[in-house]
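Participant: Pasting a structure below so you can have a look.
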There are 2 protein chains.
Amino acid sequence: MNSSPSLKSAAVEKQSHQSYFKIGLSVDCVILGYANKELQVLVIKSDLKEFAGQWSLLGDLVRPEEDLDNASYRVLEERTGLKNVYLEQVHAFGTRDRHPSGRVITIAYYSLIDIQNHKMQVNEHELTWKPVRTLKKMAFDHRKILDTCLLRLSEQVFDKPLLFNLLPVKFALRDLQELYESVLGETLDRRNFRKKIAVKHWLRDTGDMEKSVVHRPGRLYTVKAASK
Amino acid sequence: MNSSPSLKSAAVEKQSHQSYFKIGLSVDCVILGYANKELQVLVIKSDLKEFAGQWSLLGDLVRPEEDLDNASYRVLEERTGLKNVYLEQVHAFGTRDRHPSGRVITIAYYSLIDIQNHKMQVNEHELTWKPVRTLKKMAFDHRKILDTCLLRLSEQVFDKPLLFNLLPVKFALRDLQELYESVLGETLDRRNFRKKIAVKHWLRDTGDMEKSVVHRPGRLYTVKAASK
């Protein structure tokens, strides 16, 4: 097939659009955990003067030679030491005034981890878990990014076995329901909830029972390997 | 609260990361329609020599002063004349070698439209509808982008009343089932499918029946306003 004379090469196209190639790209990781019956997010104090004292998500500029998805894993490992944590891309945020350094597009990723099972160096002033409910204001548009990830999560919780990543290996259905209620922000009917979960065939009865609980001990379940 | 002495301003940060601010940003629109019992996508011949003769999605670089979401609406209107079409952001594609002009991140959006109801200037050599099934190779990573959008669509079709956007205002359940089968790539049981749709309460019986069909005429349904 002959090229039409109107075709241009990529190099020529770029030359005519120099002012377009001045955008910065970052990734922001929304790392969610569950503790004290509340959804928690891993945050760090912003290192920019413009946002002094405010909490921000874990993020960084993507390096010139770095693939987008790799950048999110790098950020997570550099900041927390966490490896082999599944990150899911959620949304790109690109309003022109979202970053004081100029045009920076950020791609948000989220992950769900079992806080008890992932020991990391957190301290109150740098990297720390905060209940999502308590973070009224955050640096940049990070509260909006957090809300977008929470919405995505709530839309998926009955379609995919996601929330189990927040729980210990063995858990009672009572704990599971409390977690769902926390994520969905609503009270669920016990019987309907159990029916809805049962038809998914996500869980396996471990044969063990809860210990040291004030209520009647419940059976402990675990997620089937194929569901994770 | 006092700023810690280690805080830096956004301007200083940018100065130390000049090589990071050389990325191009584009949007690509996956416009899906339905005709001849097949899912179709709106494509255009690539205007880059590197992809001469290949089909590409409708896309463009985001302008330096343009918000991300606005860019997708601009592209769609410029290329097709279409306005007021709902676009949903799906995914950012950012491997470092995906574009011959250098580092270009693209954000994919998708939309579902009723082909019969949206008259636009299409012609075989420039802008045209192609069955998604027939597009084996596309310019850039556009086949991968298309596949990602199709996967997202198939995951959502029983959660949200999306596919009705591809159909005329009135349609028979037989047509609806064929559309679902086309999107999901599998044959569905007639009785189960109708039950699954019925419990959603998305549809309203128009009282009209199909005309000029070879099979027994079916009732015509329409989507309830609140579901759109």
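Residue names in the structure tokens use chain letters A, B, ... in the order shown, residue numbers from 1 in each chain, and ligand numbers from 1 in the order shown.
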Using only C-alpha atoms, find each residue in chain A having at least one atom no more than 7 Å away from chain B; report its shortest atom-to-atom pair and that distance in Å (one decimal), rows by chain then rising number, as JSON lines.
Facilitator:
{"residue": "A:Met1", "atom": "CA", "partner": "B:Gly53", "partner_atom": "CA", "distance": 6.9}
{"residue": "A:Ser3", "atom": "CA", "partner": "B:Ala52", "partner_atom": "CA", "distance": 5.8}
{"residue": "A:Leu7", "atom": "CA", "partner": "B:Asp47", "partner_atom": "CA", "distance": 5.0}
{"residue": "A:Lys8", "atom": "CA", "partner": "B:Leu48", "partner_atom": "CA", "distance": 5.2}
{"residue": "A:Ser9", "atom": "CA", "partner": "B:Lys49", "partner_atom": "CA", "distance": 5.0}
{"residue": "A:Ala10", "atom": "CA", "partner": "B:Ser101", "partner_atom": "CA", "distance": 4.8}
{"residue": "A:Ala11", "atom": "CA", "partner": "B:Ser101", "partner_atom": "CA", "distance": 5.7}
{"residue": "A:Lys14", "atom": "CA", "partner": "B:Ser101", "partner_atom": "CA", "distance": 5.8}
{"residue": "A:Ser19", "atom": "CA", "partner": "B:Pro64", "partner_atom": "CA", "distance": 6.9}
{"residue": "A:Tyr20", "atom": "CA", "partner": "B:Pro64", "partner_atom": "CA", "distance": 5.6}
{"residue": "A:Phe21", "atom": "CA", "partner": "B:Gly24", "partner_atom": "CA", "distance": 4.4}
{"residue": "A:Lys22", "atom": "CA", "partner": "B:Lys22", "partner_atom": "CA", "distance": 4.6}
{"residue": "A:Ile23", "atom": "CA", "partner": "B:Ile23", "partner_atom": "CA", "distance": 5.0}
{"residue": "A:Gly24", "atom": "CA", "partner": "B:Phe21", "partner_atom": "CA", "distance": 4.4}
{"residue": "A:Asp47", "atom": "CA", "partner": "B:Leu7", "partner_atom": "CA", "distance": 5.0}
{"residue": "A:Leu48", "atom": "CA", "partner": "B:Lys8", "partner_atom": "CA", "distance": 5.1}
{"residue": "A:Lys49", "atom": "CA", "partner": "B:Ser9", "partner_atom": "CA", "distance": 5.0}
{"residue": "A:Glu50", "atom": "CA", "partner": "B:Ser9", "partner_atom": "CA", "distance": 6.5}
{"residue": "A:Ala52", "atom": "CA", "partner": "B:Ser3", "partner_atom": "CA", "distance": 5.8}
{"residue": "A:Gly53", "atom": "CA", "partner": "B:Met1", "partner_atom": "CA", "distance": 6.9}
{"residue": "A:Arg63", "atom": "CA", "partner": "B:Tyr20", "partner_atom": "CA", "distance": 6.1}
{"residue": "A:Pro64", "atom": "CA", "partner": "B:Tyr20", "partner_atom": "CA", "distance": 5.6}
{"residue": "A:Glu65", "atom": "CA", "partner": "B:Arg96", "partner_atom": "CA", "distance": 6.3}
{"residue": "A:Glu66", "atom": "CA", "partner": "B:Arg96", "partner_atom": "CA", "distance": 6.4}
{"residue": "A:Asp67", "atom": "CA", "partner": "B:Thr95", "partner_atom": "CA", "distance": 4.5}
{"residue": "A:Leu68", "atom": "CA", "partner": "B:Gly94", "partner_atom": "CA", "distance": 5.0}
{"residue": "A:His91", "atom": "CA", "partner": "B:His91", "partner_atom": "CA", "distance": 6.5}
{"residue": "A:Ala92", "atom": "CA", "partner": "B:Ala92", "partner_atom": "CA", "distance": 6.6}
{"residue": "A:Gly94", "atom": "CA", "partner": "B:Leu68", "partner_atom": "CA", "distance": 5.0}
{"residue": "A:Thr95", "atom": "CA", "partner": "B:Asp67", "partner_atom": "CA", "distance": 4.6}
{"residue": "A:Arg96", "atom": "CA", "partner": "B:Asp67", "partner_atom": "CA", "distance": 5.4}
{"residue": "A:Pro100", "atom": "CA", "partner": "B:Ala10", "partner_atom": "CA", "distance": 5.7}
{"residue": "A:Ser101", "atom": "CA", "partner": "B:Ala10", "partner_atom": "CA", "distance": 4.8}
Participant: Write to file, as an mmCIF file, in the first residue's frame, the residues of the selection just made, with N, CA and C atoms.
Facilitator:
data_model
loop_
_atom_site.group_PDB
_atom_site.id
_atom_site.type_symbol
_atom_site.label_atom_id
_atom_site.label_comp_id
_atom_site.auth_asym_id
_atom_site.auth_seq_id
_atom_site.Cartn_x
_atom_site.Cartn_y
_atom_site.Cartn_z
ATOM 1 N N MET A 1 0.848 -1.197 0.000
ATOM 2 C CA MET A 1 0.000 0.000 0.000
ATOM 3 C C MET A 1 0.890 1.256 0.000
ATOM 4 N N SER A 3 1.910 5.065 0.783
ATOM 5 C CA SER A 3 1.547 6.065 1.773
ATOM 6 C C SER A 3 0.935 7.243 1.045
ATOM 7 N N LEU A 7 0.642 11.959 4.705
ATOM 8 C CA LEU A 7 1.144 11.347 5.930
ATOM 9 C C LEU A 7 2.395 12.062 6.409
ATOM 10 N N LYS A 8 2.510 12.172 7.733
ATOM 11 C CA LYS A 8 3.702 12.792 8.304
ATOM 12 C C LYS A 8 4.380 11.779 9.225
ATOM 13 N N SER A 9 5.687 11.976 9.416
ATOM 14 C CA SER A 9 6.383 11.073 10.327
ATOM 15 C C SER A 9 6.155 11.538 11.763
ATOM 16 N N ALA A 10 6.388 10.625 12.705
ATOM 17 C CA ALA A 10 6.217 10.958 14.116
ATOM 18 C C ALA A 10 7.154 12.089 14.517
ATOM 19 N N ALA A 11 8.389 12.092 13.968
ATOM 20 C CA ALA A 11 9.364 13.127 14.324
ATOM 21 C C ALA A 11 8.871 14.504 13.894
ATOM 22 N N LYS A 14 6.037 15.638 16.125
ATOM 23 C CA LYS A 14 6.472 16.108 17.433
ATOM 24 C C LYS A 14 7.052 17.517 17.341
ATOM 25 N N SER A 19 5.317 22.433 22.320
ATOM 26 C CA SER A 19 4.740 22.944 23.565
ATOM 27 C C SER A 19 3.837 21.914 24.236
ATOM 28 N N TYR A 20 3.482 20.858 23.495
ATOM 29 C CA TYR A 20 2.622 19.815 24.056
ATOM 30 C C TYR A 20 3.426 18.832 24.901
ATOM 31 N N PHE A 21 4.725 18.767 24.642
ATOM 32 C CA PHE A 21 5.527 17.752 25.335
ATOM 33 C C PHE A 21 6.206 18.329 26.574
ATOM 34 N N LYS A 22 5.425 18.946 27.430
ATOM 35 C CA LYS A 22 5.969 19.567 28.638
ATOM 36 C C LYS A 22 5.175 19.160 29.863
ATOM 37 N N ILE A 23 4.638 17.976 29.788
ATOM 38 C CA ILE A 23 3.774 17.524 30.873
ATOM 39 C C ILE A 23 4.546 16.593 31.795
ATOM 40 N N GLY A 24 4.295 16.725 33.086
ATOM 41 C CA GLY A 24 4.846 15.780 34.042
ATOM 42 C C GLY A 24 3.823 14.694 34.322
ATOM 43 N N ASP A 47 5.813 16.902 51.258
ATOM 44 C CA ASP A 47 7.119 17.551 51.368
ATOM 45 C C ASP A 47 7.172 18.845 50.557
ATOM 46 N N LEU A 48 6.006 19.331 50.131
ATOM 47 C CA LEU A 48 5.969 20.608 49.416
ATOM 48 C C LEU A 48 5.499 21.717 50.352
ATOM 49 N N LYS A 49 6.192 22.863 50.260
ATOM 50 C CA LYS A 49 5.809 24.020 51.087
ATOM 51 C C LYS A 49 4.349 24.388 50.901
ATOM 52 N N GLU A 50 3.883 24.287 49.635
ATOM 53 C CA GLU A 50 2.498 24.669 49.315
ATOM 54 C C GLU A 50 1.470 23.883 50.124
ATOM 55 N N ALA A 52 2.269 22.375 53.246
ATOM 56 C CA ALA A 52 2.905 22.093 54.542
ATOM 57 C C ALA A 52 1.878 21.626 55.561
ATOM 58 N N GLY A 53 2.183 20.517 56.225
ATOM 59 C CA GLY A 53 1.315 20.008 57.276
ATOM 60 C C GLY A 53 0.174 19.140 56.794
ATOM 61 N N ARG A 63 9.583 8.283 36.092
ATOM 62 C CA ARG A 63 10.868 8.610 35.470
ATOM 63 C C ARG A 63 10.767 8.553 33.950
ATOM 64 N N PRO A 64 11.630 9.347 33.290
ATOM 65 C CA PRO A 64 11.523 9.425 31.822
ATOM 66 C C PRO A 64 11.540 8.052 31.133
ATOM 67 N N GLU A 65 12.276 7.093 31.678
ATOM 68 C CA GLU A 65 12.401 5.790 31.004
ATOM 69 C C GLU A 65 11.628 4.685 31.712
ATOM 70 N N GLU A 66 10.656 5.077 32.522
ATOM 71 C CA GLU A 66 9.981 4.084 33.352
ATOM 72 C C GLU A 66 8.550 3.838 32.862
ATOM 73 N N ASP A 67 8.172 2.566 32.754
ATOM 74 C CA ASP A 67 6.788 2.272 32.393
ATOM 75 C C ASP A 67 5.867 2.701 33.538
ATOM 76 N N LEU A 68 4.659 3.052 33.156
ATOM 77 C CA LEU A 68 3.694 3.585 34.126
ATOM 78 C C LEU A 68 3.445 2.627 35.287
ATOM 79 N N HIS A 91 -7.760 5.483 37.891
ATOM 80 C CA HIS A 91 -8.224 6.662 37.163
ATOM 81 C C HIS A 91 -7.068 7.635 36.956
ATOM 82 N N ALA A 92 -7.132 8.390 35.865
ATOM 83 C CA ALA A 92 -6.161 9.457 35.614
ATOM 84 C C ALA A 92 -6.787 10.796 35.991
ATOM 85 N N GLY A 94 -6.365 14.856 35.606
ATOM 86 C CA GLY A 94 -5.614 15.730 34.711
ATOM 87 C C GLY A 94 -6.157 17.127 34.546
ATOM 88 N N THR A 95 -6.800 17.698 35.582
ATOM 89 C CA THR A 95 -7.161 19.104 35.422
ATOM 90 C C THR A 95 -5.870 19.912 35.428
ATOM 91 N N ARG A 96 -5.882 21.003 34.670
ATOM 92 C CA ARG A 96 -4.622 21.708 34.399
ATOM 93 C C ARG A 96 -4.008 22.372 35.622
ATOM 94 N N PRO A 100 1.021 22.497 41.766
ATOM 95 C CA PRO A 100 1.691 23.814 41.722
ATOM 96 C C PRO A 100 2.970 23.819 40.874
ATOM 97 N N SER A 101 3.483 22.667 40.502
ATOM 98 C CA SER A 101 4.694 22.636 39.669
ATOM 99 C C SER A 101 4.385 22.853 38.195
#
Participant: Just asking: which residues within stretch 33-150 of chain A are alpha helix (DSSP H) according to DSSP, as a list in words?
Facilitator: Leu68, Asp69, Asn70, Ala71, Ser72, Tyr73, Arg74, Val75, Leu76, Glu77, Glu78, Arg79, Thr80, His142, Arg143, Lys144, Ile145, Leu146, Asp147, Thr148, Cys149 and Leu150 of chain A
Participant: Take the residues just selected and output them with N, CA and C atoms as a short mmCIF file (atom, residue, chain, number, x, y, z; two decimals), in the first residue's frame.
Facilitator:
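This went into again07.cif:
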data_model
loop_
_atom_site.label_atom_id
_atom_site.label_comp_id
_atom_site.auth_asym_id
_atom_site.auth_seq_id
_atom_site.Cartn_x
_atom_site.Cartn_y
_atom_site.Cartn_z
N LEU A 68 4.66 3.05 33.16
CA LEU A 68 3.69 3.59 34.13
C LEU A 68 3.45 2.63 35.29
N ASP A 69 3.10 1.39 34.97
CA ASP A 69 2.78 0.44 36.04
C ASP A 69 3.99 0.17 36.94
N ASN A 70 5.18 0.11 36.35
CA ASN A 70 6.38 -0.11 37.16
C ASN A 70 6.58 1.01 38.18
N ALA A 71 6.24 2.22 37.78
CA ALA A 71 6.42 3.36 38.67
C ALA A 71 5.61 3.19 39.95
N SER A 72 4.40 2.67 39.82
CA SER A 72 3.57 2.52 41.02
C SER A 72 4.16 1.48 41.97
N TYR A 73 4.70 0.41 41.42
CA TYR A 73 5.34 -0.60 42.28
C TYR A 73 6.61 -0.04 42.93
N ARG A 74 7.37 0.76 42.17
CA ARG A 74 8.57 1.37 42.74
C ARG A 74 8.23 2.29 43.90
N VAL A 75 7.24 3.15 43.70
CA VAL A 75 6.84 4.08 44.76
C VAL A 75 6.47 3.32 46.02
N LEU A 76 5.68 2.29 45.84
CA LEU A 76 5.22 1.54 47.00
C LEU A 76 6.39 0.88 47.72
N GLU A 77 7.30 0.31 46.95
CA GLU A 77 8.43 -0.37 47.60
C GLU A 77 9.36 0.63 48.28
N GLU A 78 9.65 1.75 47.59
CA GLU A 78 10.56 2.75 48.17
C GLU A 78 10.00 3.33 49.47
N ARG A 79 8.70 3.58 49.49
CA ARG A 79 8.13 4.26 50.65
C ARG A 79 7.79 3.32 51.79
N THR A 80 7.47 2.06 51.47
CA THR A 80 6.96 1.17 52.52
C THR A 80 7.73 -0.14 52.64
N HIS A 142 -5.81 15.05 46.42
CA HIS A 142 -5.71 13.68 46.91
C HIS A 142 -6.97 13.18 47.60
N ARG A 143 -7.76 14.07 48.20
CA ARG A 143 -9.01 13.61 48.79
C ARG A 143 -9.96 13.13 47.68
N LYS A 144 -9.95 13.85 46.57
CA LYS A 144 -10.79 13.45 45.43
C LYS A 144 -10.32 12.10 44.86
N ILE A 145 -9.02 11.93 44.79
CA ILE A 145 -8.47 10.66 44.30
C ILE A 145 -8.88 9.53 45.24
N LEU A 146 -8.76 9.78 46.53
CA LEU A 146 -9.17 8.78 47.52
C LEU A 146 -10.65 8.43 47.35
N ASP A 147 -11.49 9.44 47.19
CA ASP A 147 -12.92 9.19 47.03
C ASP A 147 -13.21 8.38 45.77
N THR A 148 -12.49 8.67 44.70
CA THR A 148 -12.70 7.92 43.45
C THR A 148 -12.34 6.45 43.64
N CYS A 149 -11.26 6.20 44.35
CA CYS A 149 -10.87 4.80 44.61
C CYS A 149 -11.87 4.10 45.52
N LEU A 150 -12.38 4.82 46.50
CA LEU A 150 -13.37 4.22 47.41
C LEU A 150 -14.66 3.89 46.67
#
Participant: When DSSP works through the backbone of this structure, what residues of stretch 108-210 of chain A end up as strand (DSSP E), shown as a ChimeraX atom specification?
Facilitator: /A:108-112,127-131,171-172,203-209
